[in-house]
$ cat entry_16.cif   # mmCIF, C-alpha atoms
data_work
#
loop_
_atom_site.label_atom_id
_atom_site.label_comp_id
_atom_site.auth_asym_id
_atom_site.auth_seq_id
_atom_site.Cartn_x
_atom_site.Cartn_y
_atom_site.Cartn_z
CA MET G 100 19.34 4.69 10.11
CA THR G 101 17.25 4.63 6.91
CA ALA G 102 14.02 4.32 8.90
CA GLU G 103 14.83 7.36 11.04
CA LEU G 104 15.83 9.38 7.99
CA LEU G 105 12.57 8.47 6.23
CA LYS G 106 10.44 9.15 9.31
CA ALA G 107 11.97 12.62 9.57
CA LYS G 108 10.74 13.37 6.04
CA ILE G 109 7.07 12.53 6.80
CA ARG G 110 4.80 15.35 7.97
CA HIS G 111 2.28 14.59 10.75
CA VAL G 112 -1.09 16.34 10.36
CA PRO G 113 -3.37 16.14 13.40
CA ASP G 114 -7.15 15.88 13.05
CA PHE G 115 -7.16 14.95 9.36
CA PRO G 116 -9.40 13.79 7.75
CA LYS G 117 -11.43 14.09 10.96
CA PRO G 118 -10.81 14.93 14.63
CA GLY G 119 -8.70 12.37 16.47
CA ILE G 120 -6.90 11.04 13.39
CA LEU G 121 -3.17 11.71 13.02
CA PHE G 122 -2.44 11.69 9.28
CA TYR G 123 1.03 10.66 8.10
CA ASP G 124 1.55 12.89 5.05
CA ILE G 125 4.09 11.26 2.75
CA THR G 126 4.01 14.08 0.18
CA THR G 127 6.93 15.67 2.01
CA LEU G 128 8.91 12.44 1.57
CA LEU G 129 7.89 12.06 -2.08
CA ARG G 130 9.18 15.52 -3.02
CA ASP G 131 12.61 14.68 -1.60
CA PRO G 132 14.72 12.77 -4.19
CA GLU G 133 16.84 11.00 -1.58
CA GLY G 134 13.81 10.13 0.56
CA LEU G 135 11.88 8.74 -2.40
CA ARG G 136 14.85 6.65 -3.55
CA LEU G 137 15.46 5.27 -0.05
CA ALA G 138 11.78 4.45 0.41
CA LEU G 139 11.63 2.58 -2.89
CA ASP G 140 14.88 0.75 -2.11
CA ALA G 141 13.51 -0.37 1.26
CA LEU G 142 10.21 -1.51 -0.25
CA ALA G 143 11.82 -3.39 -3.15
CA ALA G 144 14.77 -5.08 -1.41
CA PRO G 145 12.90 -8.05 0.14
CA TYR G 146 11.40 -8.97 -3.25
CA ALA G 147 14.41 -8.63 -5.57
CA ALA G 148 14.60 -12.41 -6.04
CA ALA G 149 10.92 -13.23 -5.45
CA ASP G 150 9.95 -13.67 -9.12
CA VAL G 151 7.07 -11.21 -8.85
CA ASP G 152 4.92 -11.14 -12.00
CA LEU G 153 2.67 -8.24 -11.03
CA VAL G 154 2.63 -5.46 -8.48
CA VAL G 155 -0.86 -4.40 -7.43
CA GLY G 156 -1.21 -0.89 -6.02
CA MET G 157 -4.26 0.60 -4.37
CA GLU G 158 -5.65 4.03 -5.21
CA SER G 159 -4.12 6.44 -4.88
CA ARG G 160 -0.77 6.50 -3.12
CA GLY G 161 -0.29 2.79 -3.81
CA PHE G 162 -0.02 3.77 -7.47
CA ILE G 163 3.05 5.89 -6.73
CA PHE G 164 4.97 3.12 -5.02
CA GLY G 165 3.46 0.23 -6.95
CA ALA G 166 4.40 1.41 -10.44
CA ALA G 167 7.95 2.26 -9.36
CA LEU G 168 8.37 -1.11 -7.62
CA ALA G 169 7.00 -2.94 -10.66
CA ASP G 170 9.68 -1.24 -12.76
CA ARG G 171 12.42 -2.12 -10.26
CA LEU G 172 11.27 -5.74 -10.01
CA GLY G 173 10.77 -6.25 -13.75
CA ALA G 174 7.06 -6.86 -13.19
CA GLY G 175 3.83 -5.47 -14.56
CA PHE G 176 1.59 -3.08 -12.62
CA VAL G 177 -2.14 -3.44 -11.91
CA PRO G 178 -4.17 -0.63 -10.32
CA VAL G 179 -6.92 -1.29 -7.79
CA ARG G 180 -9.35 1.62 -7.97
CA LYS G 181 -12.36 3.13 -6.29
CA PRO G 182 -15.71 2.10 -7.83
CA GLY G 183 -16.58 3.39 -11.28
CA LYS G 184 -13.03 4.35 -12.32
CA LEU G 185 -12.11 1.30 -14.41
CA PRO G 186 -13.23 1.26 -18.06
CA SER G 187 -13.74 -2.50 -18.49
CA ALA G 188 -15.45 -5.36 -16.64
CA SER G 189 -14.36 -5.36 -13.01
CA VAL G 190 -14.89 -7.12 -9.68
CA ARG G 191 -15.52 -5.33 -6.38
CA ALA G 192 -14.79 -5.79 -2.68
CA SER G 193 -16.08 -3.61 0.17
CA TYR G 194 -14.10 -2.83 3.31
CA ASP G 195 -14.04 -0.77 6.51
CA LEU G 196 -11.55 2.01 7.24
CA GLU G 197 -10.60 3.41 10.62
CA TYR G 198 -12.90 6.35 9.76
CA GLY G 199 -15.60 4.90 7.47
CA SER G 200 -16.17 2.35 4.71
CA ASP G 201 -15.45 2.11 1.00
CA ALA G 202 -15.03 -0.33 -1.90
CA LEU G 203 -12.32 -1.20 -4.41
CA GLU G 204 -12.38 -2.68 -7.91
CA ILE G 205 -9.94 -4.46 -10.18
CA HIS G 206 -10.34 -5.37 -13.84
CA ALA G 207 -11.72 -8.90 -14.10
CA ASP G 208 -8.94 -9.84 -16.54
CA ALA G 209 -6.06 -8.08 -14.72
CA ILE G 210 -4.48 -11.27 -13.36
CA VAL G 211 -3.88 -14.63 -14.95
CA PRO G 212 -4.44 -17.43 -12.42
CA GLY G 213 -1.15 -18.49 -10.87
CA GLN G 214 0.65 -15.17 -11.33
CA ARG G 215 2.83 -14.12 -8.41
CA VAL G 216 1.57 -10.80 -7.03
CA LEU G 217 3.05 -8.26 -4.62
CA ILE G 218 0.42 -5.93 -3.12
CA VAL G 219 1.73 -2.43 -2.31
CA ASP G 220 0.34 0.61 -0.55
CA ASP G 221 1.72 3.55 1.38
CA LEU G 222 0.00 2.76 4.69
CA LEU G 223 -1.27 -0.18 6.72
CA ALA G 224 -3.73 1.09 9.35
CA THR G 225 -6.70 -1.11 10.23
CA GLY G 226 -6.04 -3.42 7.27
CA GLY G 227 -9.38 -2.99 5.51
CA THR G 228 -7.97 -1.74 2.21
CA ALA G 229 -5.30 -4.44 2.11
CA GLN G 230 -7.76 -7.15 3.12
CA ALA G 231 -10.15 -6.12 0.31
CA THR G 232 -7.27 -6.12 -2.16
CA ILE G 233 -6.16 -9.59 -1.03
CA GLU G 234 -9.75 -10.74 -1.58
CA LEU G 235 -9.84 -9.25 -5.09
CA VAL G 236 -6.44 -10.58 -6.13
CA SER G 237 -7.01 -14.04 -4.63
CA GLY G 238 -10.41 -14.20 -6.30
CA LEU G 239 -8.70 -13.80 -9.66
CA GLY G 240 -6.40 -16.74 -8.89
CA ALA G 241 -3.19 -14.93 -7.98
CA ARG G 242 -0.49 -16.34 -5.75
CA ILE G 243 0.17 -13.54 -3.28
CA VAL G 244 3.86 -13.11 -2.48
CA ALA G 245 3.31 -10.48 0.23
CA CYS G 246 1.88 -7.09 1.09
CA ALA G 247 4.41 -4.26 1.36
CA PHE G 248 3.78 -0.88 2.99
CA LEU G 249 5.89 2.19 3.56
CA VAL G 250 4.16 2.98 6.90
CA GLU G 251 2.44 0.65 9.37
CA LEU G 252 0.43 1.97 12.31
CA THR G 253 1.10 -1.09 14.46
CA PHE G 254 -1.20 0.04 17.29
CA LEU G 255 -4.20 -0.40 14.96
CA GLN G 256 -3.30 -4.09 14.42
CA GLY G 257 -4.16 -4.10 10.72
CA ARG G 258 -1.68 -6.89 10.09
CA ALA G 259 -3.99 -9.27 11.99
CA ARG G 260 -6.71 -8.80 9.33
CA LEU G 261 -4.39 -10.04 6.59
CA GLY G 262 -4.34 -13.64 7.78
CA THR G 263 -1.31 -15.63 6.69
CA THR G 264 -0.23 -13.14 4.01
CA PRO G 265 3.38 -12.07 4.69
CA VAL G 266 3.66 -8.35 5.50
CA HIS G 267 6.66 -6.04 5.08
CA ALA G 268 6.49 -2.53 6.53
CA VAL G 269 9.43 -0.14 6.18
CA LEU G 270 8.32 2.32 8.88
CA PRO G 271 6.36 0.93 11.83
CA TYR G 272 4.77 3.51 14.14
CA ASP G 273 3.78 2.31 17.62
CA ASP G 274 1.66 5.34 18.60
#
$ encode --input "entry_16.cif" --output "structure tokens"
Amino acid sequence: MTAELLKAKIRHVPDFPKPGILFYDITTLLRDPEGLRLALDALAAPYAAADVDLVVGMESRGFIFGAALADRLGAGFVPVRKPGKLPSASVRASYDLEYGSDALEIHADAIVPGQRVLIVDDLLATGGTAQATIELVSGLGARIVACAFLVELTFLQGRARLGTTPVHAVLPYDD
């Protein structure tokens, strides 16, 4: 029931950011207090007893969910940003998107080796962003608890790129 309620609050925008892409616009869900609360509840529930030290969220919508989940889980929050946005020494990973390529960075001192990390973003599509984040976080010595996403486009098989990392998706879309 929660999944159907949440899906009804997400706007579908065809041909964005380019022709042939169907964009799942979560801003309509975010503006709805009940929808936002239910989404955060569904993302946080599997990790309530997981002893998460840090939540890592990817720019930009991963910040929205990541910071709120960190608060709910009693954990810290670490942003993963696009190149050139972090003010201190950072490490970088490049990745491919379903419609291009990009890179992400994390502060070199953001994670203490051995910390338990939950990686969070709004969407799992082809898995490039999540895979790059796993690479960054693992490279800093983290123990990855899981990756959690609000939406998963299962037909793009992004989960396969994440190897053995456990994946939780609240709203799978099959087409």
$ residues_near_point --input "entry_16.cif" --point "(-5.3, -14.7, -9.9)" --cutoff "8 Å" --atoms "all atoms listed in the file" --output "PyMOL selection string"
chain G and resi 210-214+236-242
$ residues_near_point --input "entry_16.cif" --point "(1.3, 2.8, 0.5)" --cutoff "10 Å" --atoms "only C-alpha atoms" --output "list in words"
Ile125, Leu142, Gly156, Met157, Glu158, Ser159, Arg160, Gly161, Phe162, Ile163, Phe164, Gly165, Ile218, Val219, Asp220, Asp221, Leu222, Leu223, Ala229, Cys246, Ala247, Phe248, Leu249, Val250, Glu251 and Ala268 of chain G
$ write_last_selection --input "entry_16.cif" --atoms "C-alpha atoms" --output "mmCIF file, in the coordinates of the input"
data_model
loop_
_atom_site.group_PDB
_atom_site.id
_atom_site.type_symbol
_atom_site.label_atom_id
_atom_site.label_comp_id
_atom_site.auth_asym_id
_atom_site.auth_seq_id
_atom_site.Cartn_x
_atom_site.Cartn_y
_atom_site.Cartn_z
ATOM 1 C CA ILE G 125 4.090 11.260 2.750
ATOM 2 C CA LEU G 142 10.210 -1.510 -0.250
ATOM 3 C CA GLY G 156 -1.210 -0.890 -6.020
ATOM 4 C CA MET G 157 -4.260 0.600 -4.370
ATOM 5 C CA GLU G 158 -5.650 4.030 -5.210
ATOM 6 C CA SER G 159 -4.120 6.440 -4.880
ATOM 7 C CA ARG G 160 -0.770 6.500 -3.120
ATOM 8 C CA GLY G 161 -0.290 2.790 -3.810
ATOM 9 C CA PHE G 162 -0.020 3.770 -7.470
ATOM 10 C CA ILE G 163 3.050 5.890 -6.730
ATOM 11 C CA PHE G 164 4.970 3.120 -5.020
ATOM 12 C CA GLY G 165 3.460 0.230 -6.950
ATOM 13 C CA ILE G 218 0.420 -5.930 -3.120
ATOM 14 C CA VAL G 219 1.730 -2.430 -2.310
ATOM 15 C CA ASP G 220 0.340 0.610 -0.550
ATOM 16 C CA ASP G 221 1.720 3.550 1.380
ATOM 17 C CA LEU G 222 0.000 2.760 4.690
ATOM 18 C CA LEU G 223 -1.270 -0.180 6.720
ATOM 19 C CA ALA G 229 -5.300 -4.440 2.110
ATOM 20 C CA CYS G 246 1.880 -7.090 1.090
ATOM 21 C CA ALA G 247 4.410 -4.260 1.360
ATOM 22 C CA PHE G 248 3.780 -0.880 2.990
ATOM 23 C CA LEU G 249 5.890 2.190 3.560
ATOM 24 C CA VAL G 250 4.160 2.980 6.900
ATOM 25 C CA GLU G 251 2.440 0.650 9.370
ATOM 26 C CA ALA G 268 6.490 -2.530 6.530
#
$ atom_distance --input "entry_16.cif" --atom1 "atom CA of G:Ala144" --atom2 "atom CA of G:Leu203"
27.5 Å
$ resolve_selection --input "entry_16.cif" --expression "the PyMOL selection byres ((chain G and resi 272) around 6)" --output "PyMOL selection string"
chain G and resi 252-253+271+273-274
$ atom_distance --input "entry_16.cif" --atom1 "atom CA of G:Arg180" --atom2 "atom CA of G:Ala207"
12.4 Å
$ closest_residue --input "entry_16.cif" --among "G:Leu105, G:Ala169, G:Val154, G:Val179" --to "G:Glu133" --atoms "all atoms listed in the file"
G:Leu105
$ resolve_selection --input "entry_16.cif" --expression "the PyMOL selection byres ((chain G and resi 189) around 10)" --output "mmCIF file with C-alpha atoms, in the coordinates of the input"
data_model
loop_
_atom_site.group_PDB
_atom_site.id
_atom_site.type_symbol
_atom_site.label_atom_id
_atom_site.label_comp_id
_atom_site.auth_asym_id
_atom_site.auth_seq_id
_atom_site.Cartn_x
_atom_site.Cartn_y
_atom_site.Cartn_z
ATOM 1 C CA VAL G 179 -6.920 -1.290 -7.790
ATOM 2 C CA ARG G 180 -9.350 1.620 -7.970
ATOM 3 C CA PRO G 182 -15.710 2.100 -7.830
ATOM 4 C CA GLY G 183 -16.580 3.390 -11.280
ATOM 5 C CA LYS G 184 -13.030 4.350 -12.320
ATOM 6 C CA LEU G 185 -12.110 1.300 -14.410
ATOM 7 C CA PRO G 186 -13.230 1.260 -18.060
ATOM 8 C CA SER G 187 -13.740 -2.500 -18.490
ATOM 9 C CA ALA G 188 -15.450 -5.360 -16.640
ATOM 10 C CA VAL G 190 -14.890 -7.120 -9.680
ATOM 11 C CA ARG G 191 -15.520 -5.330 -6.380
ATOM 12 C CA LEU G 203 -12.320 -1.200 -4.410
ATOM 13 C CA GLU G 204 -12.380 -2.680 -7.910
ATOM 14 C CA ILE G 205 -9.940 -4.460 -10.180
ATOM 15 C CA HIS G 206 -10.340 -5.370 -13.840
ATOM 16 C CA ALA G 207 -11.720 -8.900 -14.100
ATOM 17 C CA ASP G 208 -8.940 -9.840 -16.540
ATOM 18 C CA ALA G 209 -6.060 -8.080 -14.720
ATOM 19 C CA LEU G 235 -9.840 -9.250 -5.090
#
$ resolve_selection --input "entry_16.cif" --expression "the PyMOL selection byres ((chain G and resi 114-120) around 12)" --output "list in words"
His111, Val112, Pro113, Leu121, Phe122, Tyr123, Asp124, Leu196, Glu197, Tyr198, Gly199, Ala224, Leu252, Leu255 and Asp274 of chain G
$ atom_distance --input "entry_16.cif" --atom1 "atom CA of G:Arg130" --atom2 "atom CA of G:Thr225"
26.5 Å
$ axis_aligned_box --input "entry_16.cif" --around "stretch 226-244 of chain G" --padding-each-side "6 Å" --output "lines of an AutoDock Vina configuration file"
center_x = -3.3
center_y = -9.2
center_z = -1.2
size_x = 26.3
size_y = 27.0
size_z = 28.9
$ closest_residue --input "entry_16.cif" --among "G:Gly226, G:Gly173, G:Gly257, G:Gly262" --to "G:Val151" --atoms "all atoms listed in the file"
G:Gly173
$ closest_residue --input "entry_16.cif" --among "G:Asp152, G:Asp195, G:Asp170, G:Glu234" --to "G:Leu139" --atoms "all atoms listed in the file"
G:Asp170
$ build_atoms --input "entry_16.cif" --residues "stretch 180-200 of chain G" --atoms "N, CA and C atoms" --output "PDB file, in the coordinates of the input"
ATOM      1  N   ARG G 180      -8.770   0.283  -7.997  1.00  0.00           N
ATOM      2  CA  ARG G 180      -9.350   1.620  -7.970  1.00  0.00           C
ATOM      3  C   ARG G 180     -10.633   1.687  -7.183  1.00  0.00           C
ATOM      4  N   LYS G 181     -11.050   2.902  -6.905  1.00  0.00           N
ATOM      5  CA  LYS G 181     -12.360   3.130  -6.290  1.00  0.00           C
ATOM      6  C   LYS G 181     -13.434   2.827  -7.332  1.00  0.00           C
ATOM      7  N   PRO G 182     -14.650   2.509  -6.902  1.00  0.00           N
ATOM      8  CA  PRO G 182     -15.710   2.100  -7.830  1.00  0.00           C
ATOM      9  C   PRO G 182     -15.963   3.125  -8.944  1.00  0.00           C
ATOM     10  N   GLY G 183     -16.214   2.568 -10.134  1.00  0.00           N
ATOM     11  CA  GLY G 183     -16.580   3.390 -11.280  1.00  0.00           C
ATOM     12  C   GLY G 183     -15.428   4.018 -12.032  1.00  0.00           C
ATOM     13  N   LYS G 184     -14.191   3.720 -11.677  1.00  0.00           N
ATOM     14  CA  LYS G 184     -13.030   4.350 -12.320  1.00  0.00           C
ATOM     15  C   LYS G 184     -12.396   3.485 -13.404  1.00  0.00           C
ATOM     16  N   LEU G 185     -12.712   2.197 -13.429  1.00  0.00           N
ATOM     17  CA  LEU G 185     -12.110   1.300 -14.410  1.00  0.00           C
ATOM     18  C   LEU G 185     -13.000   1.170 -15.634  1.00  0.00           C
ATOM     19  N   PRO G 186     -12.428   1.197 -16.842  1.00  0.00           N
ATOM     20  CA  PRO G 186     -13.230   1.260 -18.060  1.00  0.00           C
ATOM     21  C   PRO G 186     -13.764  -0.083 -18.569  1.00  0.00           C
ATOM     22  N   SER G 187     -13.322  -1.198 -17.995  1.00  0.00           N
ATOM     23  CA  SER G 187     -13.740  -2.500 -18.490  1.00  0.00           C
ATOM     24  C   SER G 187     -14.384  -3.297 -17.358  1.00  0.00           C
ATOM     25  N   ALA G 188     -14.809  -4.516 -17.657  1.00  0.00           N
ATOM     26  CA  ALA G 188     -15.450  -5.360 -16.640  1.00  0.00           C
ATOM     27  C   ALA G 188     -14.549  -5.485 -15.420  1.00  0.00           C
ATOM     28  N   SER G 189     -15.145  -5.321 -14.232  1.00  0.00           N
ATOM     29  CA  SER G 189     -14.360  -5.360 -13.010  1.00  0.00           C
ATOM     30  C   SER G 189     -15.083  -6.155 -11.926  1.00  0.00           C
ATOM     31  N   VAL G 190     -14.317  -6.483 -10.866  1.00  0.00           N
ATOM     32  CA  VAL G 190     -14.890  -7.120  -9.680  1.00  0.00           C
ATOM     33  C   VAL G 190     -14.663  -6.186  -8.507  1.00  0.00           C
ATOM     34  N   ARG G 191     -15.514  -6.291  -7.491  1.00  0.00           N
ATOM     35  CA  ARG G 191     -15.520  -5.330  -6.380  1.00  0.00           C
ATOM     36  C   ARG G 191     -15.451  -6.033  -5.038  1.00  0.00           C
ATOM     37  N   ALA G 192     -14.794  -5.362  -4.080  1.00  0.00           N
ATOM     38  CA  ALA G 192     -14.790  -5.790  -2.680  1.00  0.00           C
ATOM     39  C   ALA G 192     -15.002  -4.569  -1.806  1.00  0.00           C
ATOM     40  N   SER G 193     -15.838  -4.699  -0.788  1.00  0.00           N
ATOM     41  CA  SER G 193     -16.080  -3.610   0.170  1.00  0.00           C
ATOM     42  C   SER G 193     -15.221  -3.834   1.406  1.00  0.00           C
ATOM     43  N   TYR G 194     -14.945  -2.747   2.129  1.00  0.00           N
ATOM     44  CA  TYR G 194     -14.100  -2.830   3.310  1.00  0.00           C
ATOM     45  C   TYR G 194     -14.380  -1.662   4.248  1.00  0.00           C
ATOM     46  N   ASP G 195     -13.916  -1.817   5.502  1.00  0.00           N
ATOM     47  CA  ASP G 195     -14.040  -0.770   6.510  1.00  0.00           C
ATOM     48  C   ASP G 195     -12.698  -0.099   6.721  1.00  0.00           C
ATOM     49  N   LEU G 196     -12.724   1.214   6.908  1.00  0.00           N
ATOM     50  CA  LEU G 196     -11.550   2.010   7.240  1.00  0.00           C
ATOM     51  C   LEU G 196     -11.615   2.370   8.715  1.00  0.00           C
ATOM     52  N   GLU G 197     -10.535   2.974   9.226  1.00  0.00           N
ATOM     53  CA  GLU G 197     -10.600   3.410  10.620  1.00  0.00           C
ATOM     54  C   GLU G 197     -11.575   4.564  10.783  1.00  0.00           C
ATOM     55  N   TYR G 198     -11.977   5.217   9.668  1.00  0.00           N
ATOM     56  CA  TYR G 198     -12.900   6.350   9.760  1.00  0.00           C
ATOM     57  C   TYR G 198     -14.040   6.279   8.752  1.00  0.00           C
ATOM     58  N   GLY G 199     -14.480   5.047   8.391  1.00  0.00           N
ATOM     59  CA  GLY G 199     -15.600   4.900   7.470  1.00  0.00           C
ATOM     60  C   GLY G 199     -15.559   3.587   6.728  1.00  0.00           C
ATOM     61  N   SER G 200     -16.193   3.542   5.554  1.00  0.00           N
ATOM     62  CA  SER G 200     -16.170   2.350   4.710  1.00  0.00           C
ATOM     63  C   SER G 200     -16.060   2.772   3.258  1.00  0.00           C
TER      64      SER G 200
END
